[in-house]
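A.B. asks: So here's upload_29.txt, just compact mmCIF, C-alpha atoms:
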```txt
# COMPACT_ATOMS: atom_id res chain seq x y z
CA MET A 1 0.00 0.00 0.00
CA TRP A 2 1.06 3.56 -0.60
CA SER A 3 2.48 5.15 2.47
CA CYS A 4 1.04 8.51 3.44
CA ALA A 5 4.45 10.14 2.96
CA LEU A 6 4.77 8.78 -0.56
CA GLY A 7 1.23 9.90 -1.43
CA LEU A 8 1.97 13.39 -0.11
CA ALA A 9 5.23 13.52 -2.08
CA ILE A 10 3.48 12.51 -5.29
CA GLU A 11 0.78 15.12 -4.76
CA ALA A 12 3.41 17.78 -4.04
CA VAL A 13 5.31 17.11 -7.26
CA PHE A 14 2.25 16.36 -9.41
CA PRO A 15 -0.55 18.49 -7.91
CA SER A 16 -3.24 17.30 -10.31
CA THR A 17 -2.56 13.64 -9.46
CA LEU A 18 -5.19 11.69 -7.60
CA VAL A 19 -3.44 9.19 -5.29
CA GLN A 20 -5.17 6.01 -4.20
CA THR A 21 -4.07 2.86 -2.46
CA CYS A 22 -3.85 -0.44 -4.27
CA ILE A 23 -7.07 -2.33 -3.57
CA VAL A 24 -5.34 -5.71 -3.95
CA HIS A 25 -2.74 -4.78 -1.33
CA LEU A 26 -5.45 -3.44 0.96
CA ILE A 27 -7.30 -6.76 0.72
CA ARG A 28 -4.08 -8.68 1.48
CA ALA A 29 -3.33 -6.44 4.47
CA SER A 30 -6.89 -6.98 5.73
CA LEU A 31 -6.80 -10.75 5.43
CA LYS A 32 -3.65 -11.03 7.54
CA PHE A 33 -5.96 -10.77 10.54
CA VAL A 34 -8.13 -13.70 9.46
CA ASN A 35 -7.55 -17.45 9.71
CA TRP A 36 -7.34 -19.49 6.51
CA LYS A 37 -10.82 -20.99 6.88
CA GLU A 38 -12.50 -17.58 6.90
CA ARG A 39 -10.44 -15.82 4.22
CA LYS A 40 -12.44 -16.86 1.18
CA ALA A 41 -15.79 -15.75 2.62
CA MET A 42 -14.35 -12.54 4.00
CA ALA A 43 -12.62 -11.68 0.71
CA ALA A 44 -15.97 -12.15 -1.04
CA ASP A 45 -17.64 -9.82 1.46
CA LEU A 46 -14.94 -7.17 0.98
CA LYS A 47 -16.02 -6.97 -2.68
CA SER A 48 -19.19 -5.20 -1.59
CA ILE A 49 -16.94 -2.38 -0.38
CA TYR A 50 -14.55 -1.90 -3.30
CA ARG A 51 -17.12 -2.72 -5.98
CA ALA A 52 -19.64 -0.23 -4.62
CA ALA A 53 -20.94 2.35 -7.08
CA THR A 54 -20.06 5.36 -4.91
CA ALA A 55 -17.93 6.23 -1.89
CA GLU A 56 -21.11 6.63 0.16
CA THR A 57 -22.32 3.14 -0.79
CA ALA A 58 -18.87 1.75 0.00
CA GLU A 59 -18.98 3.39 3.43
CA LEU A 60 -22.34 1.74 4.11
CA ALA A 61 -20.90 -1.60 2.95
CA LEU A 62 -17.95 -1.13 5.33
CA ALA A 63 -20.38 -0.45 8.20
CA ALA A 64 -22.35 -3.60 7.28
CA PHE A 65 -19.07 -5.53 7.15
CA ARG A 66 -18.30 -4.39 10.72
CA VAL A 67 -21.68 -5.66 11.89
CA LYS A 68 -21.32 -9.00 10.11
CA TYR A 69 -17.81 -9.65 11.50
CA PRO A 70 -17.76 -8.42 15.11
CA LYS A 71 -14.71 -10.60 15.92
CA HIS A 72 -12.73 -9.07 13.04
CA GLN A 73 -12.89 -5.34 13.66
CA ALA A 74 -9.18 -5.17 12.80
CA VAL A 75 -10.05 -5.90 9.16
CA ALA A 76 -12.52 -3.01 8.97
CA ASP A 77 -9.98 -0.85 10.83
CA VAL A 78 -7.45 -1.43 8.03
CA TRP A 79 -9.97 -0.10 5.53
CA GLU A 80 -10.94 2.83 7.74
CA ARG A 81 -7.32 3.89 8.32
CA ASN A 82 -6.75 3.86 4.56
CA TRP A 83 -10.13 5.33 3.63
CA PRO A 84 -8.76 8.71 2.41
CA ARG A 85 -6.65 6.74 -0.10
CA VAL A 86 -9.52 4.36 -0.98
CA ILE A 87 -12.26 6.85 -1.84
CA PRO A 88 -10.51 8.39 -4.90
CA PHE A 89 -11.15 5.02 -6.53
CA PHE A 90 -14.91 5.71 -6.52
CA GLU A 91 -14.55 8.85 -8.64
CA PHE A 92 -13.89 6.68 -11.69
CA PRO A 93 -16.27 4.73 -13.88
CA GLU A 94 -16.14 0.93 -13.84
CA GLU A 95 -14.03 0.82 -17.03
CA ILE A 96 -11.19 2.71 -15.33
CA ARG A 97 -11.55 0.92 -11.97
CA LYS A 98 -10.88 -2.45 -13.61
CA ILE A 99 -7.51 -1.12 -14.78
CA ILE A 100 -6.37 0.81 -11.68
CA TYR A 101 -7.49 -1.35 -8.76
CA THR A 102 -4.00 -2.86 -8.43
CA THR A 103 -0.46 -1.56 -8.77
CA ASN A 104 1.05 -5.04 -9.23
CA ALA A 105 2.00 -4.45 -12.89
CA VAL A 106 3.82 -1.23 -12.05
CA GLU A 107 5.55 -2.84 -9.07
CA SER A 108 6.65 -5.76 -11.24
CA LEU A 109 8.16 -3.35 -13.75
CA HIS A 110 9.98 -1.46 -10.99
CA MET A 111 11.35 -4.74 -9.62
CA THR A 112 12.66 -5.66 -13.08
CA LEU A 113 14.43 -2.31 -13.43
CA ARG A 114 15.88 -2.51 -9.90
CA LYS A 115 17.16 -6.01 -10.62
CA VAL A 116 19.19 -4.91 -13.67
CA THR A 117 20.72 -1.90 -11.92
CA LYS A 118 21.25 -3.46 -8.48
CA ASN A 119 24.35 -5.49 -9.29
CA ARG A 120 26.21 -2.61 -10.89
CA ALA A 121 28.10 -0.36 -8.52
CA SER A 122 28.17 2.53 -10.97
CA PHE A 123 27.74 3.43 -14.60
CA PRO A 124 30.49 5.05 -16.67
CA THR A 125 28.02 7.52 -18.18
CA PRO A 126 24.36 8.40 -17.80
CA ASP A 127 23.82 7.02 -21.32
CA SER A 128 25.08 3.60 -20.24
CA ALA A 129 22.44 3.48 -17.48
CA ILE A 130 19.73 4.55 -19.91
CA LYS A 131 20.80 1.90 -22.43
CA LEU A 132 20.71 -0.81 -19.76
CA LEU A 133 17.22 0.25 -18.67
CA TYR A 134 16.10 0.41 -22.30
CA MET A 135 17.28 -3.15 -22.92
CA ALA A 136 15.56 -4.37 -19.76
CA LEU A 137 12.32 -2.69 -20.82
CA ARG A 138 12.60 -4.18 -24.29
CA ASN A 139 13.07 -7.67 -22.85
CA VAL A 140 10.29 -7.44 -20.28
CA SER A 141 7.83 -5.93 -22.77
CA LYS A 142 7.97 -9.16 -24.79
CA LYS A 143 6.13 -10.85 -21.91
CA TRP A 144 3.38 -8.26 -21.71
CA THR A 145 -0.11 -9.07 -22.83
CA THR A 146 -3.03 -6.83 -23.62
CA VAL A 147 -4.89 -5.78 -20.51
CA GLN A 148 -8.49 -6.91 -20.59
CA GLY A 149 -10.77 -3.88 -20.80
CA TRP A 150 -7.98 -1.51 -21.87
CA PRO A 151 -9.81 -0.04 -24.92
CA GLN A 152 -12.79 0.88 -22.72
CA ALA A 153 -10.51 2.36 -20.06
CA LEU A 154 -8.56 4.34 -22.66
CA GLN A 155 -11.83 5.76 -23.96
CA GLN A 156 -12.72 6.89 -20.43
CA PHE A 157 -9.21 8.31 -19.87
CA THR A 158 -9.58 10.28 -23.11
CA ILE A 159 -12.96 11.65 -22.03
CA ARG A 160 -11.55 12.75 -18.66
CA TRP A 161 -8.03 13.82 -19.61
CA GLY A 162 -8.00 14.26 -23.37
CA ASP A 163 -5.68 17.26 -23.09
CA ARG A 164 -3.05 15.21 -21.25
CA ILE A 165 -3.31 12.32 -23.70
CA GLU A 166 -2.99 14.71 -26.66
CA ALA A 167 0.05 16.33 -25.05
CA VAL A 168 1.77 12.94 -24.72
CA GLY A 169 0.87 12.12 -28.32
CA ARG A 170 2.61 15.33 -29.49
CA THR A 171 5.90 14.45 -27.80
```
Just dump the structure as structure tokens.

C.D. replies:
Amino acid sequence: MWSCALGLAIEAVFPSTLVQTCIVHLIRASLKFVNWKERKAMAADLKSIYRAATAETAELALAAFRVKYPKHQAVADVWERNWPRVIPFFEFPEEIRKIIYTTNAVESLHMTLRKVTKNRASFPTPDSAIKLLYMALRNVSKKWTTVQGWPQALQQFTIRWGDRIEAVGRT
């Protein structure tokens, strides 16, 4: 999950950025408080929170979750502590939510780039570091597949931030 300090740093550098926590990591953090027998049912019940149509509906689902699981208030507490970083998620339509609910793909890419630079003490020039990262990206991109729902998400991104997408297209 994003730490508060990291979220604040991102917002300071990129003021128009909306920072949210990774829903998948939030679920994992929640389920650490639950025994193996209860995890499947509880994970299914958490869906009513993060699949809610609005932040208000999600808050009601979280309250219902608390009532249903009185012995597991720690799980609901995890969600409540992270709520300011959860609710940005509800500002997006379903097409975008399907794409952004997890940061695993980004984290995997970062791990790949760290792995190729980790074993080198230094680089003779900045260009040598860039070339190494380029080669790593080229190799890892061969394994990438099309993200399910991406065309619909891109359409929604274009509706919301067409100016930003056009600016990237011009570069």

A.B. asks: Which one is closest to His110 in chain A: A:Ile165, A:Ala9, A:Leu137, A:Ala53? Count all atoms listed in the file.

C.D. replies: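 Of A:Ile165, A:Ala9, A:Leu137, A:Ala53, the one nearest His110 in chain A is A:Leu137, counting all atoms listed in the file.
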
A.B. asks: Go through A:Ile130, A:Ile27, A:Ala52, A:Val147 one by one, measure the shortest atom-to-atom distance of each to Lys40 in chain A using all atoms listed in the file, and give the residue with the smallest value.

C.D. replies: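 With all atoms listed in the file as the atom set, the closest residue is A:Ile27.
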
A.B. asks: Could you please determine the separation between CA of Asn139 in chain A and CA of Leu113 in chain A in Å, to one decimal place?

C.D. replies: 10.9 Å

A.B. asks: Choose the residue, out of A:Lys32, A:Lys143, A:Lys98, A:Arg138, that has the smallest atom-to-atom separation from Val75 in chain A; count only C-alpha atoms.

C.D. replies: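 Closest to Val75 in chain A of all the choices is A:Lys32.
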
A.B. asks: Nearest residue to Val106 in chain A out of A:Ile49, A:Ile159, A:Leu60, A:Cys22, using only C-alpha atoms?

C.D. replies: A:Cys22

A.B. asks: What does the structure give for the distance between CA of Glu95 in chain A and CA of Ser141 in chain A, in Å to one decimal?

C.D. replies: 23.6 Å

A.B. asks: Ranking A:Glu80, A:Lys71, A:Ile100, A:Glu59 by minimum distance to Gln148 in chain A and counting all atoms listed in the file, which one comes first?

C.D. replies: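 Of the candidates, the smallest distance to Gln148 in chain A is held by A:Ile100.
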